[in-house]
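Engineer: The file below is data.pdb, PDB, C-alpha atoms and all ligand atoms:
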ATOM      1  CA  MET A 920      41.571 237.680  49.023
ATOM      2  CA  ALA A 921      41.047 237.203  45.281
ATOM      3  CA  SER A 922      43.371 234.848  43.464
ATOM      4  CA  SER A 923      45.078 236.057  40.306
ATOM      5  CA  ALA A 924      42.525 234.036  38.301
ATOM      6  CA  ASP A 925      39.762 236.339  39.627
ATOM      7  CA  LEU A 926      41.534 239.523  38.636
ATOM      8  CA  PRO A 927      40.247 241.748  35.884
ATOM      9  CA  SER A 928      42.284 240.944  32.802
ATOM     10  CA  GLU A 929      43.317 244.593  32.347
ATOM     11  CA  THR A 930      45.438 244.341  35.515
ATOM     12  CA  GLY A 931      47.521 241.602  33.921
ATOM     13  CA  MET A 932      47.805 243.668  30.744
ATOM     14  CA  ALA A 933      48.948 246.862  32.453
ATOM     15  CA  GLY A 934      52.128 248.554  31.213
ATOM     16  CA  GLY A 935      54.000 251.692  32.215
ATOM     17  CA  LYS A 936      56.356 252.291  35.071
ATOM     18  CA  ALA A 937      55.859 251.952  38.810
ATOM     19  CA  LEU A 938      58.262 253.194  41.458
ATOM     20  CA  VAL A 939      57.919 251.130  44.628
ATOM     21  CA  PHE A 940      59.144 252.920  47.747
ATOM     22  CA  ASP A 941      59.962 251.800  51.290
ATOM     23  CA  SER A 942      62.405 252.624  54.069
ATOM     24  CA  GLY A 943      64.333 249.425  53.343
ATOM     25  CA  VAL A 944      63.782 246.060  51.693
ATOM     26  CA  GLY A 945      60.180 245.530  52.892
ATOM     27  CA  GLY A 946      58.655 246.940  49.716
ATOM     28  CA  LEU A 947      60.312 244.115  47.776
ATOM     29  CA  THR A 948      57.371 241.972  48.904
ATOM     30  CA  VAL A 949      55.124 244.372  46.993
ATOM     31  CA  VAL A 950      57.464 244.277  43.984
ATOM     32  CA  GLU A 951      57.082 240.500  43.854
ATOM     33  CA  ALA A 952      53.282 240.724  43.998
ATOM     34  CA  LEU A 953      53.295 243.381  41.298
ATOM     35  CA  ARG A 954      55.547 241.408  38.959
ATOM     36  CA  LYS A 955      53.354 238.364  39.416
ATOM     37  CA  LEU A 956      50.066 240.156  38.701
ATOM     38  CA  SER A 957      51.225 242.603  36.046
ATOM     39  CA  PRO A 958      54.373 241.346  34.338
ATOM     40  CA  GLY A 959      54.122 244.136  31.735
ATOM     41  CA  ILE A 960      54.835 246.869  34.265
ATOM     42  CA  HIS A 961      58.389 248.166  34.585
ATOM     43  CA  VAL A 962      59.168 248.287  38.295
ATOM     44  CA  ASP A 963      61.890 250.443  39.843
ATOM     45  CA  TYR A 964      62.556 250.459  43.565
ATOM     46  CA  ALA A 965      63.644 253.036  46.104
ATOM     47  CA  ALA A 966      64.846 252.174  49.607
ATOM     48  CA  ASP A 967      65.194 255.201  51.848
ATOM     49  CA  THR A 968      68.051 253.562  53.704
ATOM     50  CA  GLY A 969      69.410 256.926  54.838
ATOM     51  CA  PHE A 970      66.316 257.473  56.977
ATOM     52  CA  PHE A 971      65.699 253.821  57.964
ATOM     53  CA  PRO A 972      63.900 252.731  60.099
ATOM     54  CA  TYR A 973      60.693 254.734  59.830
ATOM     55  CA  GLY A 974      59.035 252.803  62.637
ATOM     56  CA  ASP A 975      60.619 254.783  65.462
ATOM     57  CA  LYS A 976      60.695 258.240  63.829
ATOM     58  CA  SER A 977      58.504 261.042  65.136
ATOM     59  CA  ASP A 978      55.399 261.958  63.164
ATOM     60  CA  ALA A 979      56.791 265.447  62.564
ATOM     61  CA  ALA A 980      60.101 264.145  61.191
ATOM     62  CA  LEU A 981      58.378 261.727  58.817
ATOM     63  CA  ARG A 982      55.808 264.302  57.681
ATOM     64  CA  ALA A 983      58.557 266.725  56.788
ATOM     65  CA  HIS A 984      60.721 264.099  55.145
ATOM     66  CA  LEU A 985      58.369 261.936  53.092
ATOM     67  CA  PRO A 986      56.912 264.418  50.573
ATOM     68  CA  ARG A 987      60.399 265.760  49.852
ATOM     69  CA  ILE A 988      62.046 262.402  49.283
ATOM     70  CA  ALA A 989      59.067 261.249  47.194
ATOM     71  CA  ASP A 990      59.384 264.351  45.032
ATOM     72  CA  GLN A 991      63.114 263.808  44.523
ATOM     73  CA  LEU A 992      62.657 260.178  43.598
ATOM     74  CA  VAL A 993      59.879 260.897  41.117
ATOM     75  CA  GLU A 994      61.942 263.671  39.570
ATOM     76  CA  TYR A 995      64.836 261.243  39.158
ATOM     77  CA  LEU A 996      63.099 258.060  38.018
ATOM     78  CA  LYS A 997      60.042 259.520  36.258
ATOM     79  CA  PRO A 998      57.510 256.782  37.128
ATOM     80  CA  ASP A 999      53.852 256.776  36.053
ATOM     81  CA  VAL A1000      52.745 255.759  39.532
ATOM     82  CA  PHE A1001      54.391 256.061  42.962
ATOM     83  CA  VAL A1002      53.734 253.147  45.301
ATOM     84  CA  ILE A1003      54.377 253.728  48.996
ATOM     85  CA  ALA A1004      55.042 250.122  49.981
ATOM     86  CA  CYS A1005      55.268 251.025  53.642
ATOM     87  CA  ASN A1006      52.491 251.020  56.221
ATOM     88  CA  THR A1007      54.393 253.327  58.568
ATOM     89  CA  ALA A1008      54.699 256.039  55.908
ATOM     90  CA  SER A1009      51.243 255.573  54.345
ATOM     91  CA  THR A1010      49.267 255.623  57.578
ATOM     92  CA  LEU A1011      50.876 258.961  58.425
ATOM     93  CA  ALA A1012      51.672 260.949  55.311
ATOM     94  CA  LEU A1013      49.762 259.587  52.319
ATOM     95  CA  PRO A1014      47.746 262.834  51.895
ATOM     96  CA  GLU A1015      50.908 264.962  52.065
ATOM     97  CA  VAL A1016      52.710 262.817  49.476
ATOM     98  CA  ARG A1017      49.666 262.873  47.181
ATOM     99  CA  GLU A1018      49.496 266.632  47.482
ATOM    100  CA  ARG A1019      53.145 267.008  46.569
ATOM    101  CA  LEU A1020      53.268 264.680  43.540
ATOM    102  CA  SER A1021      51.546 265.180  40.233
ATOM    103  CA  ILE A1022      51.278 261.434  39.485
ATOM    104  CA  PRO A1023      48.952 258.866  41.136
ATOM    105  CA  VAL A1024      50.100 257.541  44.498
ATOM    106  CA  VAL A1025      49.170 254.110  45.860
ATOM    107  CA  GLY A1026      49.477 253.687  49.622
ATOM    108  CA  THR A1027      49.716 250.628  51.848
ATOM    109  CA  VAL A1028      47.296 250.203  54.695
ATOM    110  CA  PRO A1029      47.080 247.315  57.157
ATOM    111  CA  ALA A1030      44.917 244.434  55.863
ATOM    112  CA  ILE A1031      42.472 244.790  58.766
ATOM    113  CA  LYS A1032      39.335 244.505  56.645
ATOM    114  CA  PRO A1033      40.226 241.167  54.970
ATOM    115  CA  ALA A1034      41.539 239.831  58.284
ATOM    116  CA  ALA A1035      38.282 240.679  60.059
ATOM    117  CA  HIS A1036      36.370 238.866  57.302
ATOM    118  CA  LEU A1037      38.600 235.826  57.507
ATOM    119  CA  SER A1038      38.453 235.442  61.272
ATOM    120  CA  GLN A1039      36.237 232.622  62.503
ATOM    121  CA  THR A1040      36.730 233.461  66.161
ATOM    122  CA  GLY A1041      36.212 237.241  66.147
ATOM    123  CA  ARG A1042      39.729 237.998  67.347
ATOM    124  CA  ILE A1043      42.583 239.138  65.119
ATOM    125  CA  GLY A1044      46.111 240.350  65.779
ATOM    126  CA  LEU A1045      48.134 243.084  64.133
ATOM    127  CA  LEU A1046      51.919 243.072  63.923
ATOM    128  CA  ALA A1047      53.402 246.354  62.730
ATOM    129  CA  THR A1048      56.005 248.954  63.588
ATOM    130  CA  PRO A1049      55.452 250.959  66.789
ATOM    131  CA  GLY A1050      54.593 253.920  64.540
ATOM    132  CA  THR A1051      51.789 252.118  62.689
ATOM    133  CA  VAL A1052      50.376 250.692  65.922
ATOM    134  CA  ARG A1053      49.905 254.138  67.468
ATOM    135  CA  ARG A1054      48.516 255.896  64.377
ATOM    136  CA  ASP A1055      45.015 257.407  64.413
ATOM    137  CA  TYR A1056      44.673 256.017  60.898
ATOM    138  CA  THR A1057      45.085 252.477  62.220
ATOM    139  CA  SER A1058      42.504 253.072  64.989
ATOM    140  CA  ALA A1059      40.076 254.444  62.394
ATOM    141  CA  LEU A1060      40.584 251.373  60.167
ATOM    142  CA  ILE A1061      39.835 249.125  63.146
ATOM    143  CA  GLU A1062      36.738 251.108  64.007
ATOM    144  CA  ASP A1063      35.481 251.156  60.406
ATOM    145  CA  PHE A1064      36.270 247.599  59.333
ATOM    146  CA  ALA A1065      36.705 245.523  62.472
ATOM    147  CA  GLY A1066      34.157 247.098  64.767
ATOM    148  CA  ASP A1067      32.723 243.741  65.781
ATOM    149  CA  VAL A1068      36.116 242.054  66.051
ATOM    150  CA  ASP A1069      38.582 242.118  68.928
ATOM    151  CA  VAL A1070      41.923 243.466  67.634
ATOM    152  CA  LEU A1071      45.197 242.861  69.512
ATOM    153  CA  LEU A1072      48.152 245.064  68.560
ATOM    154  CA  HIS A1073      51.898 244.713  68.842
ATOM    155  CA  GLY A1074      54.592 247.004  67.435
ATOM    156  CA  SER A1075      58.058 245.555  66.871
ATOM    157  CA  LEU A1076      61.101 247.185  65.344
ATOM    158  CA  GLU A1077      63.053 244.041  66.081
ATOM    159  CA  LEU A1078      61.032 242.168  63.489
ATOM    160  CA  VAL A1079      61.963 244.827  60.928
ATOM    161  CA  SER A1080      65.666 244.222  61.636
ATOM    162  CA  LEU A1081      65.177 240.459  61.562
ATOM    163  CA  ALA A1082      63.502 240.738  58.146
ATOM    164  CA  GLU A1083      66.324 242.944  56.835
ATOM    165  CA  ALA A1084      68.837 240.345  58.067
ATOM    166  CA  VAL A1085      67.012 237.472  56.353
ATOM    167  CA  ALA A1086      66.744 239.493  53.135
ATOM    168  CA  ARG A1087      70.498 240.014  53.111
ATOM    169  CA  GLY A1088      71.028 236.275  53.408
ATOM    170  CA  GLU A1089      71.675 235.782  57.138
ATOM    171  CA  ALA A1090      70.505 232.496  58.656
ATOM    172  CA  PRO A1091      67.357 233.138  60.693
ATOM    173  CA  ASN A1092      67.304 232.297  64.384
ATOM    174  CA  LEU A1093      63.741 231.154  65.101
ATOM    175  CA  GLN A1094      64.125 231.938  68.789
ATOM    176  CA  HIS A1095      64.401 235.629  67.908
ATOM    177  CA  PHE A1096      61.217 235.456  65.827
ATOM    178  CA  ALA A1097      59.431 233.646  68.627
ATOM    179  CA  SER A1098      60.299 236.283  71.221
ATOM    180  CA  ALA A1099      59.574 239.189  68.857
ATOM    181  CA  GLN A1100      55.966 238.062  68.278
ATOM    182  CA  GLN A1101      55.323 236.616  71.757
ATOM    183  CA  PRO A1102      53.892 239.901  73.185
ATOM    184  CA  LEU A1103      51.053 239.621  70.669
ATOM    185  CA  PHE A1104      50.248 236.051  71.699
ATOM    186  CA  ASP A1105      50.554 236.994  75.374
ATOM    187  CA  GLN A1106      47.544 239.296  75.001
ATOM    188  CA  ASP A1107      45.520 236.393  73.597
ATOM    189  CA  THR A1108      45.098 234.698  76.951
ATOM    190  CA  ASP A1109      42.387 232.236  75.856
ATOM    191  CA  ASP A1110      43.967 231.353  72.480
ATOM    192  CA  GLN A1111      41.186 232.812  70.349
ATOM    193  CA  MET A1112      43.245 234.848  67.851
ATOM    194  CA  ASP A1113      43.128 233.060  64.486
ATOM    195  CA  VAL A1114      44.321 235.693  61.959
ATOM    196  CA  VAL A1115      47.332 238.018  62.245
ATOM    197  CA  VAL A1116      47.767 241.041  59.969
ATOM    198  CA  LEU A1117      51.349 241.591  58.838
ATOM    199  CA  ALA A1118      50.996 245.384  58.786
ATOM    200  CA  CYS A1119      54.583 246.126  57.875
ATOM    201  CA  THR A1120      55.806 245.270  54.397
ATOM    202  CA  HIS A1121      58.984 243.798  55.851
ATOM    203  CA  PHE A1122      57.100 241.028  57.618
ATOM    204  CA  PRO A1123      55.895 238.942  54.643
ATOM    205  CA  LEU A1124      59.609 238.425  53.882
ATOM    206  CA  VAL A1125      59.745 236.334  57.059
ATOM    207  CA  LYS A1126      56.264 234.824  57.055
ATOM    208  CA  ALA A1127      57.731 231.299  57.072
ATOM    209  CA  GLN A1128      59.879 232.103  60.112
ATOM    210  CA  LEU A1129      56.944 233.720  61.903
ATOM    211  CA  ALA A1130      54.738 230.713  61.224
ATOM    212  CA  ALA A1131      57.434 228.262  62.300
ATOM    213  CA  SER A1132      58.122 230.098  65.564
ATOM    214  CA  ALA A1133      54.560 231.000  66.586
ATOM    215  CA  PRO A1134      53.281 229.381  69.792
ATOM    216  CA  ARG A1135      50.084 228.402  67.960
ATOM    217  CA  LYS A1136      48.916 228.094  64.392
ATOM    218  CA  VAL A1137      47.421 231.338  63.053
ATOM    219  CA  ARG A1138      46.843 232.650  59.563
ATOM    220  CA  TYR A1139      49.078 235.574  58.513
ATOM    221  CA  VAL A1140      47.666 238.036  55.973
ATOM    222  CA  ASP A1141      49.200 241.064  54.286
ATOM    223  CA  SER A1142      48.302 243.754  51.743
ATOM    224  CA  GLY A1143      50.856 242.916  49.015
ATOM    225  CA  GLU A1144      48.423 241.562  46.476
ATOM    226  CA  ALA A1145      45.871 244.330  47.075
ATOM    227  CA  ILE A1146      48.529 247.007  46.484
ATOM    228  CA  ALA A1147      49.678 245.246  43.329
ATOM    229  CA  ARG A1148      46.107 245.050  42.086
ATOM    230  CA  GLN A1149      45.458 248.735  42.729
ATOM    231  CA  THR A1150      48.710 249.706  40.988
ATOM    232  CA  GLY A1151      47.807 247.578  37.961
ATOM    233  CA  ARG A1152      44.343 249.141  37.820
ATOM    234  CA  ILE A1153      45.726 252.662  37.864
ATOM    235  CA  LEU A1154      48.255 251.950  35.151
ATOM    236  CA  SER A1155      45.762 250.205  32.875
ATOM    237  CA  ALA A1156      43.241 252.994  33.359
ATOM    238  CA  SER A1157      45.848 255.606  32.483
ATOM    239  CA  GLY A1158      46.675 253.683  29.301
ATOM    240  CA  VAL A1159      50.434 254.274  29.491
ATOM    241  CA  ALA A1160      52.594 252.381  27.047
ATOM    242  CA  GLY A1161      54.283 249.039  27.680
ATOM    243  CA  ALA A1162      57.350 248.491  29.812
ATOM    244  CA  SER A1163      60.619 250.158  28.867
ATOM    245  CA  GLU A1164      63.596 248.139  27.698
ATOM    246  CA  VAL A1165      65.745 249.631  30.425
ATOM    247  CA  LYS A1166      66.738 247.280  33.256
ATOM    248  CA  PRO A1167      64.999 247.881  36.594
ATOM    249  CA  ILE A1168      66.899 250.164  38.946
ATOM    250  CA  ALA A1169      67.011 250.149  42.724
ATOM    251  CA  VAL A1170      67.917 253.416  44.376
ATOM    252  CA  VAL A1171      69.133 253.812  47.961
ATOM    253  CA  THR A1172      69.652 256.978  49.990
ATOM    254  CA  SER A1173      72.652 255.960  52.085
ATOM    255  CA  ASN A1174      76.158 255.166  51.073
ATOM    256  CA  LEU A1175      76.460 251.692  49.597
ATOM    257  CA  GLU A1176      79.959 251.376  51.010
ATOM    258  CA  ASP A1177      78.377 251.033  54.459
ATOM    259  CA  ARG A1178      75.945 248.376  53.256
ATOM    260  CA  PRO A1179      77.733 246.150  50.716
ATOM    261  CA  GLU A1180      75.192 243.388  51.285
ATOM    262  CA  LEU A1181      72.394 245.562  49.880
ATOM    263  CA  GLN A1182      73.760 245.230  46.386
ATOM    264  CA  LYS A1183      73.464 241.443  46.608
ATOM    265  CA  THR A1184      69.984 241.584  48.105
ATOM    266  CA  PHE A1185      68.680 243.763  45.289
ATOM    267  CA  LYS A1186      70.313 241.555  42.704
ATOM    268  CA  ARG A1187      68.513 238.553  44.141
ATOM    269  CA  PHE A1188      65.231 240.437  43.832
ATOM    270  CA  GLY A1189      65.888 241.252  40.171
ATOM    271  CA  PHE A1190      67.540 244.688  40.410
ATOM    272  CA  PRO A1191      70.949 244.346  38.781
ATOM    273  CA  LYS A1192      71.736 248.023  39.228
ATOM    274  CA  VAL A1193      71.744 249.890  42.547
ATOM    275  CA  GLU A1194      72.332 253.624  42.691
ATOM    276  CA  LEU A1195      72.851 256.086  45.507
ATOM    277  CA  LEU A1196      70.433 258.932  44.992
ATOM    278  CA  GLU A1197      71.294 261.293  47.764
ATOM    279  CA  SER A1198      72.511 261.618  51.297
ATOM    280  CA  VAL A1199      70.012 262.170  54.020
ATOM    281  CA  ALA A1200      71.150 263.579  57.325
ATOM    282  CA  ASP A1201      68.876 264.688  60.145
ATOM    283  CA  GLY A1202      65.933 264.796  57.792
ATOM    284  CA  ALA A1203      67.662 267.202  55.402
ATOM    285  CA  ILE A1204      68.011 266.074  51.825
ATOM    286  CA  ALA A1205      71.018 266.906  49.723
ATOM    287  CA  ALA A1206      70.724 265.897  46.103
ATOM    288  CA  PRO A1207      74.078 264.920  44.611
ATOM    289  CA  ALA A1208      75.571 266.730  41.658
ATOM    290  CA  SER A1209      75.075 263.536  39.659
ATOM    291  CA  LEU A1210      71.274 263.786  39.953
ATOM    292  CA  ARG A1211      70.020 263.464  36.433
ATOM    293  CA  PRO A1212      66.797 262.588  34.704
ATOM    294  CA  TYR A1213      66.373 258.886  34.084
ATOM    295  CA  ARG A1214      64.612 259.139  30.765
TER     296      ARG A1214
HETATM  297  N1  LIG B1301      58.327 248.513  55.815
HETATM  298  C1  LIG B1301      57.821 249.524  56.675
HETATM  299  C2  LIG B1301      56.316 249.344  56.924
HETATM  300  O1  LIG B1301      55.605 248.764  56.136
HETATM  301  C3  LIG B1301      58.497 249.837  57.972
HETATM  302  C4  LIG B1301      59.893 249.569  58.294
HETATM  303  C5  LIG B1301      60.567 250.681  59.100
HETATM  304  O2  LIG B1301      60.356 250.789  60.316
HETATM  305  O3  LIG B1301      61.272 251.456  58.473
HETATM  306  O4  LIG B1301      55.787 249.805  57.908
END
So, in terms of structure tokens, how does the structure I just supplied come out?
Ligand code: DGL
Structural biologist:
Amino acid sequence: MASSADLPSETGMAGGKALVFDSGVGGLTVVEALRKLSPGIHVDYAADTGFFPYGDKSDAALRAHLPRIADQLVEYLKPDVFVIACNTASTLALPEVRERLSIPVVGTVPAIKPAAHLSQTGRIGLLATPGTVRRDYTSALIEDFAGDVDVLLHGSLELVSLAEAVARGEAPNLQHFASAQQPLFDQDTDDQMDVVVLACTHFPLVKAQLAASAPRKVRYVDSGEAIARQTGRILSASGVAGASEVKPIAVVTSNLEDRPELQKTFKRFGFPKVELLESVADGAIAAPASLRPYR
């Protein structure tokens, strides 16, 4: 992957406003990459906590839900670009979200192509949610970009919960990380796998714990920097003005009273203000009376 020194200078100069979206705190890994590469971009964040986790939802439920929630969030926060910082959502409903929104949409897809290039042994692993693992989109990526590479897959919702726990400040138990990723290593009977794709944006949050608890040394790769680069490119090409003076906002879709720790987590990631946008029940969205334009 390119280092920031290799990046076109316009990416670093980009301004405007990005809204980074995920089911929970996973997209914060993309926020960090974006801030690093393009400090001039104003970044707001939306965590669809009312519908979390996405990884075990049916395709039909997610397809119905995602374009609607994306539309609501864009209406509310008025970004210049909408970044789906979630593999589970992007690999299923990126076309539907693009169709619904009138602004550019950046999706997140598993870093299979760079991983296949990096592998010295010809065997890579992919850790994702169960949803991403079973997607046709993921199979097509493997066929197109890792055709000559052996790809082992493992879907784990437990790792998503472990990452959420670490993000809210809980002490990690390495034993849990070890057992959550063991089924991937179990498939690698002759120890050939040398690169593992972190194909869920939650997982880079716990890369250190994954590395420390892995049965063997492997290289973990993710798409954070690539998404940040693409977002910067889009914003510089569209020539939108510099960042607003307004403080970044994080929006959640479930009641904060149930999740007091979220407030602290977002603060640590540079979002001093957290707002409840709407309540989501059984896939139905009810916008609150307080819904108002952001600017
Ligand atoms: N962060 C999401 C992803 O990249 C998934 C987490 C979830 O299951 O909601 O796939």
Engineer: How would you report the residues lying within 10 Å of ligand LIG 1301 (chain B), as number ranges by chain, if you count only C-alpha atoms and all ligand atoms?
Structural biologist: A: 940-948, 966-968, 970-976, 1003-1010, 1027-1029, 1046-1052, 1074-1080, 1082-1083, 1117-1123, 1142
Engineer: Sorted by chain and rising residue number, which residues of stretch 1075-1180 of chain A lie within 12 Å of stretch 1013-1023 of chain A, and what are their closest atom pairs and distances in Å to one decimal, counting all atoms listed in the file, as CSV?
Structural biologist:
residue,atom,partner,partner_atom,distance
A:Gln1149,CA,A:Pro1023,CA,10.8
A:Thr1150,CA,A:Pro1023,CA,9.2
A:Gly1151,CA,A:Pro1023,CA,11.8
A:Arg1152,CA,A:Pro1023,CA,11.3
A:Ile1153,CA,A:Pro1023,CA,7.7
A:Leu1154,CA,A:Pro1023,CA,9.2
A:Ala1156,CA,A:Pro1023,CA,11.3
A:Ser1157,CA,A:Pro1023,CA,9.8
Engineer: Using all atoms listed in the file for the distances, tell me which of A:Arg1178, A:His1073, A:Lys1032, A:His984 is nearest to A:Asp1141.
Structural biologist: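 Among A:Arg1178, A:His1073, A:Lys1032, A:His984, it is A:Lys1032 that comes nearest to A:Asp1141.
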Engineer: Check which residues satisfy the PyMOL selection byres (((chain A and resi 1067) around 12) and not hetatm) in the file shown, then give them as a PDB file with C-alpha atoms, in the coordinates of the input.
Structural biologist:
ATOM      1  CA  LYS A1032      39.335 244.505  56.645  1.00  0.00           C
ATOM      2  CA  ALA A1035      38.282 240.679  60.059  1.00  0.00           C
ATOM      3  CA  HIS A1036      36.370 238.866  57.302  1.00  0.00           C
ATOM      4  CA  SER A1038      38.453 235.442  61.272  1.00  0.00           C
ATOM      5  CA  THR A1040      36.730 233.461  66.161  1.00  0.00           C
ATOM      6  CA  GLY A1041      36.212 237.241  66.147  1.00  0.00           C
ATOM      7  CA  ARG A1042      39.729 237.998  67.347  1.00  0.00           C
ATOM      8  CA  ILE A1043      42.583 239.138  65.119  1.00  0.00           C
ATOM      9  CA  ILE A1061      39.835 249.125  63.146  1.00  0.00           C
ATOM     10  CA  GLU A1062      36.738 251.108  64.007  1.00  0.00           C
ATOM     11  CA  ASP A1063      35.481 251.156  60.406  1.00  0.00           C
ATOM     12  CA  PHE A1064      36.270 247.599  59.333  1.00  0.00           C
ATOM     13  CA  ALA A1065      36.705 245.523  62.472  1.00  0.00           C
ATOM     14  CA  GLY A1066      34.157 247.098  64.767  1.00  0.00           C
ATOM     15  CA  VAL A1068      36.116 242.054  66.051  1.00  0.00           C
ATOM     16  CA  ASP A1069      38.582 242.118  68.928  1.00  0.00           C
ATOM     17  CA  VAL A1070      41.923 243.466  67.634  1.00  0.00           C
TER      18      VAL A1070
END
Engineer: Pull out every residue that the PyMOL selection byres (((chain A and resi 1181) around 12) and not hetatm) matches in the shown coordinates and put them as a PyMOL selection string.
Structural biologist: chain A and resi 943-944+966+968+1083-1088+1169-1180+1182-1188+1190-1195
Engineer: Closest to A:Asp963 among A:Val1002, A:Val939, A:Leu1071, A:Ile1031, using all atoms listed in the file?
Structural biologist: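 Of the candidates, the smallest distance to A:Asp963 is held by A:Val939.
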Engineer: Please compute the atom CA of A:Asp1110-atom CA of A:Ala1131 distance, one decimal, in Å.
Structural biologist: 17.2 Å
